[in-house]
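Colleague: Handing you this structure, nothing more for now.
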Amino acid sequence: MWIFGYGSLTWKVDFPYCQRVVGYIKGYVRRFWQASIDHRGVPGKPGRVVTLVPSEDPEAQVWGVAYEIPPEQEINITKQLNVREQRFDNRKSVTMYSPSGVPLSHPVLVFVGSNEPEFLLGDAPLQRMAEQIGLSHGPSGANSEYVFQLARFMRDEVPQAQDDHLFQLEAAVNEFLSKSRKGHTHTDHHHSEH
């Protein structure tokens, strides 16, 4: 069994595995459209984490990491992931490609976010998403850290890959946090525009 991670699983793995392989799947885009009320936010103040959205472009790529699960651990790890990824109730078996474009011989299992309205925040203007991420914290830490770690994974491990949504959001979150640190609260900023 192989699990493909495209969000926190790219850097935060809390289960044993035999192999870790970096690559991509096709036909999807990664978007910060999923509500997180149990990891990077809390009920009533959800954070934003990534989900997969089907792309109109069959060649669109989402980069991530596949982990080969030891056979004797499959049941335990599946249970563990069912808790960790409980808002990601849509499981798909897809083909993964190596960085050179060669399909792997085995399919990978991917967790796609729920379409339930309470868990799908959907699209929003970049600044609004950045502000929500900049202000959100949950049991797993700051929502902004999730964005920065994912961007770091992409830069370190697949510098050739494009992910405009991720990098634009990273820049917007950085800008929001640096303004907040300087003591410009959102309301002050708001008033200064009028």
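Residue numbering restarts at 1 in every chain; chains get A, B, ... in the order shown in the structure tokens, and ligands count up from 1 in that same order.
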Mind running stretch 117-158 of chain A against stretch 51-66 of chain A at 10 Å and telling me each contacting residue's nearest atom pair with the distance in Å (one decimal), counting only C-alpha atoms, chain and number ascending, as a Markdown table?

Modeller:
| residue | atom | partner | partner_atom | distance |
| --- | --- | --- | --- | --- |
| A:Leu120 | CA | A:Thr51 | CA | 9.1 |
| A:Gly122 | CA | A:Thr51 | CA | 9.8 |
| A:Leu150 | CA | A:Gly64 | CA | 9.4 |
| A:Phe153 | CA | A:Gly64 | CA | 8.7 |
| A:Met154 | CA | A:Trp63 | CA | 7.8 |
| A:Glu157 | CA | A:Gly64 | CA | 9.4 |
| A:Val158 | CA | A:Trp63 | CA | 7.9 |

Colleague: Since we have the selection now, will you write its residues out, keeping C-alpha atoms, as a compact mmCIF listing (two decimals), in the first residue's frame?

Modeller:
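Once written, again_25.txt looks like this:
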# COMPACT_ATOMS: atom_id res chain seq x y z
CA LEU A 120 -15.22 23.20 2.35
CA GLY A 122 -13.84 27.15 -1.12
CA LEU A 150 4.54 23.17 2.38
CA PHE A 153 9.04 21.28 0.84
CA MET A 154 8.36 22.45 -2.73
CA GLU A 157 12.61 18.97 -3.02
CA VAL A 158 11.03 20.02 -6.33

Colleague: Write out as an mmCIF file with N, CA, C and O atoms, in the first residue's frame all residues of stretch 39-167 of chain A that backbone DSSP assigns to strand (DSSP E).

Modeller:
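What landed in part-v3.cif:
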data_model
loop_
_atom_site.group_PDB
_atom_site.id
_atom_site.type_symbol
_atom_site.label_atom_id
_atom_site.label_comp_id
_atom_site.auth_asym_id
_atom_site.auth_seq_id
_atom_site.Cartn_x
_atom_site.Cartn_y
_atom_site.Cartn_z
ATOM 1 N N GLY A 47 -9.057 27.090 10.279
ATOM 2 C CA GLY A 47 -7.904 27.426 9.451
ATOM 3 C C GLY A 47 -8.163 26.928 8.040
ATOM 4 O O GLY A 47 -9.211 26.345 7.752
ATOM 5 N N ARG A 48 -7.195 27.164 7.163
ATOM 6 C CA ARG A 48 -7.301 26.673 5.783
ATOM 7 C C ARG A 48 -6.160 25.714 5.502
ATOM 8 O O ARG A 48 -5.000 26.056 5.722
ATOM 9 N N VAL A 49 -6.512 24.526 5.016
ATOM 10 C CA VAL A 49 -5.503 23.556 4.605
ATOM 11 C C VAL A 49 -5.826 23.123 3.172
ATOM 12 O O VAL A 49 -6.870 23.473 2.633
ATOM 13 N N VAL A 50 -4.901 22.370 2.582
ATOM 14 C CA VAL A 50 -5.087 22.052 1.168
ATOM 15 C C VAL A 50 -5.984 20.845 0.939
ATOM 16 O O VAL A 50 -6.061 19.932 1.753
ATOM 17 N N THR A 51 -6.657 20.889 -0.194
ATOM 18 C CA THR A 51 -7.365 19.744 -0.726
ATOM 19 C C THR A 51 -7.052 19.672 -2.211
ATOM 20 O O THR A 51 -6.404 20.577 -2.756
ATOM 21 N N LEU A 52 -7.494 18.614 -2.851
ATOM 22 C CA LEU A 52 -7.304 18.475 -4.296
ATOM 23 C C LEU A 52 -8.588 18.855 -5.010
ATOM 24 O O LEU A 52 -9.668 18.427 -4.614
ATOM 25 N N VAL A 53 -8.448 19.641 -6.050
ATOM 26 C CA VAL A 53 -9.586 20.047 -6.857
ATOM 27 C C VAL A 53 -9.330 19.538 -8.277
ATOM 28 O O VAL A 53 -8.246 19.785 -8.825
ATOM 29 N N PRO A 54 -10.291 18.803 -8.859
ATOM 30 C CA PRO A 54 -10.080 18.328 -10.227
ATOM 31 C C PRO A 54 -9.805 19.500 -11.164
ATOM 32 O O PRO A 54 -10.452 20.542 -11.082
ATOM 33 N N GLN A 61 -0.365 19.240 -12.585
ATOM 34 C CA GLN A 61 0.414 18.418 -11.652
ATOM 35 C C GLN A 61 0.272 18.916 -10.213
ATOM 36 O O GLN A 61 0.289 20.113 -9.967
ATOM 37 N N VAL A 62 0.137 17.961 -9.303
ATOM 38 C CA VAL A 62 0.248 18.254 -7.871
ATOM 39 C C VAL A 62 1.406 17.414 -7.338
ATOM 40 O O VAL A 62 1.380 16.179 -7.422
ATOM 41 N N TRP A 63 2.418 18.101 -6.812
ATOM 42 C CA TRP A 63 3.600 17.420 -6.284
ATOM 43 C C TRP A 63 3.398 17.054 -4.824
ATOM 44 O O TRP A 63 2.733 17.781 -4.076
ATOM 45 N N GLY A 64 3.989 15.930 -4.451
ATOM 46 C CA GLY A 64 3.895 15.497 -3.064
ATOM 47 C C GLY A 64 4.834 14.333 -2.828
ATOM 48 O O GLY A 64 5.814 14.141 -3.548
ATOM 49 N N VAL A 65 4.512 13.537 -1.815
ATOM 50 C CA VAL A 65 5.365 12.433 -1.406
ATOM 51 C C VAL A 65 4.508 11.191 -1.226
ATOM 52 O O VAL A 65 3.440 11.255 -0.612
ATOM 53 N N ALA A 66 4.994 10.075 -1.761
ATOM 54 C CA ALA A 66 4.321 8.795 -1.526
ATOM 55 C C ALA A 66 5.138 7.986 -0.523
ATOM 56 O O ALA A 66 6.372 7.990 -0.565
ATOM 57 N N TYR A 67 4.421 7.328 0.369
ATOM 58 C CA TYR A 67 5.050 6.481 1.380
ATOM 59 C C TYR A 67 4.580 5.051 1.197
ATOM 60 O O TYR A 67 3.367 4.805 1.113
ATOM 61 N N GLU A 68 5.532 4.142 1.153
ATOM 62 C CA GLU A 68 5.177 2.724 1.103
ATOM 63 C C GLU A 68 4.986 2.229 2.537
ATOM 64 O O GLU A 68 5.872 2.380 3.375
ATOM 65 N N ASN A 90 -12.851 11.373 1.134
ATOM 66 C CA ASN A 90 -12.942 10.942 -0.243
ATOM 67 C C ASN A 90 -11.591 10.326 -0.615
ATOM 68 O O ASN A 90 -10.601 11.043 -0.700
ATOM 69 N N ARG A 91 -11.511 9.030 -0.754
ATOM 70 C CA ARG A 91 -10.226 8.361 -1.031
ATOM 71 C C ARG A 91 -10.186 7.960 -2.497
ATOM 72 O O ARG A 91 -11.156 7.436 -3.017
ATOM 73 N N LYS A 92 -9.064 8.161 -3.128
ATOM 74 C CA LYS A 92 -8.926 7.775 -4.531
ATOM 75 C C LYS A 92 -7.617 7.032 -4.731
ATOM 76 O O LYS A 92 -6.625 7.342 -4.085
ATOM 77 N N SER A 93 -7.648 6.106 -5.659
ATOM 78 C CA SER A 93 -6.428 5.404 -6.042
ATOM 79 C C SER A 93 -6.002 5.988 -7.391
ATOM 80 O O SER A 93 -6.771 5.964 -8.347
ATOM 81 N N VAL A 94 -4.815 6.570 -7.435
ATOM 82 C CA VAL A 94 -4.378 7.284 -8.646
ATOM 83 C C VAL A 94 -2.959 6.873 -9.034
ATOM 84 O O VAL A 94 -2.244 6.240 -8.257
ATOM 85 N N MET A 96 0.880 7.765 -9.823
ATOM 86 C CA MET A 96 1.871 8.786 -9.465
ATOM 87 C C MET A 96 3.032 8.701 -10.452
ATOM 88 O O MET A 96 3.352 7.631 -10.962
ATOM 89 N N TYR A 97 3.643 9.848 -10.713
ATOM 90 C CA TYR A 97 4.758 9.935 -11.656
ATOM 91 C C TYR A 97 6.018 10.378 -10.929
ATOM 92 O O TYR A 97 5.961 11.230 -10.036
ATOM 93 N N VAL A 108 -1.231 4.894 -6.014
ATOM 94 C CA VAL A 108 -1.109 5.483 -4.674
ATOM 95 C C VAL A 108 -2.499 5.880 -4.189
ATOM 96 O O VAL A 108 -3.367 6.235 -4.995
ATOM 97 N N LEU A 109 -2.687 5.807 -2.880
ATOM 98 C CA LEU A 109 -3.968 6.190 -2.276
ATOM 99 C C LEU A 109 -3.869 7.652 -1.852
ATOM 100 O O LEU A 109 -2.906 8.049 -1.187
ATOM 101 N N VAL A 110 -4.850 8.429 -2.256
ATOM 102 C CA VAL A 110 -4.820 9.853 -1.918
ATOM 103 C C VAL A 110 -6.119 10.218 -1.202
ATOM 104 O O VAL A 110 -7.179 9.673 -1.503
ATOM 105 N N PHE A 111 -6.003 11.110 -0.211
ATOM 106 C CA PHE A 111 -7.149 11.563 0.574
ATOM 107 C C PHE A 111 -7.574 12.930 0.049
ATOM 108 O O PHE A 111 -6.777 13.865 0.060
ATOM 109 N N VAL A 112 -8.815 13.027 -0.386
ATOM 110 C CA VAL A 112 -9.333 14.296 -0.901
ATOM 111 C C VAL A 112 -10.329 14.847 0.107
ATOM 112 O O VAL A 112 -11.093 14.095 0.710
ATOM 113 N N HIS A 137 -5.039 29.390 14.511
ATOM 114 C CA HIS A 137 -4.192 28.435 15.252
ATOM 115 C C HIS A 137 -5.065 27.256 15.654
ATOM 116 O O HIS A 137 -6.252 27.419 15.878
ATOM 117 N N GLY A 138 -4.435 26.113 15.785
ATOM 118 C CA GLY A 138 -5.158 24.935 16.266
ATOM 119 C C GLY A 138 -4.212 24.051 17.042
ATOM 120 O O GLY A 138 -3.051 24.420 17.269
ATOM 121 N N GLY A 141 -0.813 23.665 15.734
ATOM 122 C CA GLY A 141 0.027 24.856 15.592
ATOM 123 C C GLY A 141 -0.599 25.912 14.700
ATOM 124 O O GLY A 141 -1.789 25.845 14.356
ATOM 125 N N ALA A 142 0.228 26.872 14.333
ATOM 126 C CA ALA A 142 -0.244 28.014 13.528
ATOM 127 C C ALA A 142 -0.553 27.562 12.110
ATOM 128 O O ALA A 142 0.183 26.796 11.507
#

Colleague: Using only C-alpha atoms, which of A:Gln19, A:Ser136, A:Gln162, A:Ser114 sits nearest A:Ile69?

Modeller: A:Gln19

Colleague: Quote the spacing between atom CA of A:Asp38 and atom CA of A:Pro125 in Å to one decimal place.

Modeller: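 Separation between atom CA of A:Asp38 and atom CA of A:Pro125: 23.7 Å.
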
Colleague: Hey, could you make a per-residue contact list for stretch 37-148 of chain A against stretch 168-173 of chain A with 10 Å as the cut-off, showing the nearest pair of atoms and its distance in Å to one decimal, counting only C-alpha atoms, sorted by chain and number, as a tab-separated table?

Modeller:
residue	atom	partner	partner_atom	distance
A:Leu126	CA	A:Leu169	CA	6.5
A:Gln127	CA	A:Ala172	CA	6.4
A:Arg128	CA	A:Ala172	CA	9.4
A:Met129	CA	A:Leu169	CA	7.7
A:Ala130	CA	A:Val173	CA	4.6
A:Glu131	CA	A:Val173	CA	6.7
A:Gln132	CA	A:Val173	CA	9.0
A:Ile133	CA	A:Val173	CA	7.0
A:Gly134	CA	A:Val173	CA	5.9
A:Leu135	CA	A:Val173	CA	9.7
A:Asn143	CA	A:Val173	CA	9.9
A:Ser144	CA	A:Val173	CA	6.9
A:Glu145	CA	A:Glu170	CA	9.8
A:Tyr146	CA	A:Glu170	CA	9.9
A:Val147	CA	A:Glu170	CA	6.2
A:Phe148	CA	A:Glu170	CA	6.4

Colleague: Return as an MDAnalysis selection string the full set of residues in stretch 47-146 of chain A whose backbone-based DSSP assignment is helix (DSSP H, G or I).

Modeller: chainID A and resid 71:84 126:135 143:146

Colleague: Hey, can you spit out that residue selection with N, CA and C atoms as a compact mmCIF listing (two decimals), in the first residue's frame?

Modeller:
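Result file out.txt:
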# COMPACT_ATOMS: atom_id res chain seq x y z
N PRO A 71 3.49 -3.95 5.04
CA PRO A 71 2.23 -4.71 4.98
C PRO A 71 1.63 -5.00 6.36
N GLU A 72 2.48 -5.34 7.33
CA GLU A 72 1.93 -5.68 8.66
C GLU A 72 1.40 -4.45 9.40
N GLN A 73 1.70 -3.27 8.87
CA GLN A 73 1.25 -2.02 9.53
C GLN A 73 0.03 -1.42 8.84
N GLU A 74 -0.41 -2.01 7.72
CA GLU A 74 -1.48 -1.39 6.92
C GLU A 74 -2.72 -1.06 7.73
N ILE A 75 -3.18 -2.03 8.55
CA ILE A 75 -4.44 -1.82 9.29
C ILE A 75 -4.26 -0.70 10.31
N ASN A 76 -3.16 -0.75 11.07
CA ASN A 76 -2.91 0.28 12.09
C ASN A 76 -2.79 1.66 11.48
N ILE A 77 -2.02 1.75 10.40
CA ILE A 77 -1.77 3.06 9.79
C ILE A 77 -3.03 3.60 9.13
N THR A 78 -3.81 2.71 8.53
CA THR A 78 -5.08 3.15 7.94
C THR A 78 -5.98 3.73 9.02
N LYS A 79 -6.04 3.06 10.18
CA LYS A 79 -6.86 3.57 11.30
C LYS A 79 -6.36 4.94 11.75
N GLN A 80 -5.04 5.04 11.87
CA GLN A 80 -4.41 6.30 12.33
C GLN A 80 -4.71 7.44 11.35
N LEU A 81 -4.58 7.13 10.05
CA LEU A 81 -4.84 8.16 9.03
C LEU A 81 -6.33 8.51 8.98
N ASN A 82 -7.18 7.54 9.28
CA ASN A 82 -8.62 7.84 9.28
C ASN A 82 -8.95 8.88 10.33
N VAL A 83 -8.20 8.88 11.43
CA VAL A 83 -8.40 9.91 12.46
C VAL A 83 -7.76 11.22 12.01
N ARG A 84 -6.50 11.12 11.60
CA ARG A 84 -5.77 12.33 11.20
C ARG A 84 -6.44 13.03 10.02
N LEU A 126 -7.24 36.32 -2.46
CA LEU A 126 -5.97 35.94 -1.87
C LEU A 126 -5.74 36.60 -0.51
N GLN A 127 -6.01 37.92 -0.43
CA GLN A 127 -5.75 38.63 0.83
C GLN A 127 -6.63 38.10 1.96
N ARG A 128 -7.87 37.75 1.61
CA ARG A 128 -8.76 37.25 2.66
C ARG A 128 -8.30 35.89 3.16
N MET A 129 -7.85 35.05 2.23
CA MET A 129 -7.32 33.74 2.63
C MET A 129 -6.08 33.92 3.51
N ALA A 130 -5.21 34.84 3.10
CA ALA A 130 -3.96 35.07 3.84
C ALA A 130 -4.27 35.55 5.26
N GLU A 131 -5.26 36.43 5.38
CA GLU A 131 -5.63 36.96 6.69
C GLU A 131 -6.19 35.84 7.58
N GLN A 132 -7.06 35.01 6.99
CA GLN A 132 -7.64 33.90 7.76
C GLN A 132 -6.53 32.95 8.23
N ILE A 133 -5.59 32.65 7.35
CA ILE A 133 -4.48 31.76 7.70
C ILE A 133 -3.59 32.41 8.75
N GLY A 134 -3.32 33.71 8.59
CA GLY A 134 -2.46 34.43 9.54
C GLY A 134 -3.03 34.49 10.94
N LEU A 135 -4.35 34.42 11.04
CA LEU A 135 -5.00 34.55 12.36
C LEU A 135 -5.35 33.20 12.99
N ASN A 143 -1.64 28.08 11.58
CA ASN A 143 -2.02 27.79 10.21
C ASN A 143 -0.94 28.29 9.23
N SER A 144 -0.32 29.43 9.58
CA SER A 144 0.72 29.99 8.70
C SER A 144 1.90 29.03 8.56
N GLU A 145 2.22 28.33 9.65
CA GLU A 145 3.34 27.38 9.63
C GLU A 145 3.10 26.28 8.61
N TYR A 146 1.84 25.87 8.49
CA TYR A 146 1.45 24.85 7.51
C TYR A 146 1.78 25.33 6.09

Colleague: Would you compute the distance between atom CA of A:Asp123 and atom CA of A:Trp33? Give it in Å to one decimal.

Modeller: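 Atom CA of A:Asp123 sits 5.9 Å away from atom CA of A:Trp33.
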
Colleague: Rank A:Gly183, A:Pro103, A:Gly44, A:Gly5 by their smallest atom-to-atom distance to A:Phe119, using only C-alpha atoms, and report the top residue only.

Modeller: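 Closest to A:Phe119, using only C-alpha atoms: A:Gly44.
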
Colleague: So what do you get for atom CA of A:Ala124 versus atom CA of A:Ile25, distance-wise?

Modeller: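 For atom CA of A:Ala124 relative to atom CA of A:Ile25, the distance reads 24.8 Å.
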
Colleague: Pick the closest to A:Pro107 from A:Val13, A:Tyr24, A:Cys18, A:Gln34: which is it, counting only C-alpha atoms?

Modeller: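 Counting only C-alpha atoms, the residue closest to A:Pro107 is A:Tyr24.
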
Colleague: With only C-alpha atoms as the basis for distance, which of A:Ile3, A:Ala151, A:Leu166, A:Ala161 is at the shortest distance from A:Arg30?

Modeller: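 Selected residue with least distance to A:Arg30: A:Leu166.
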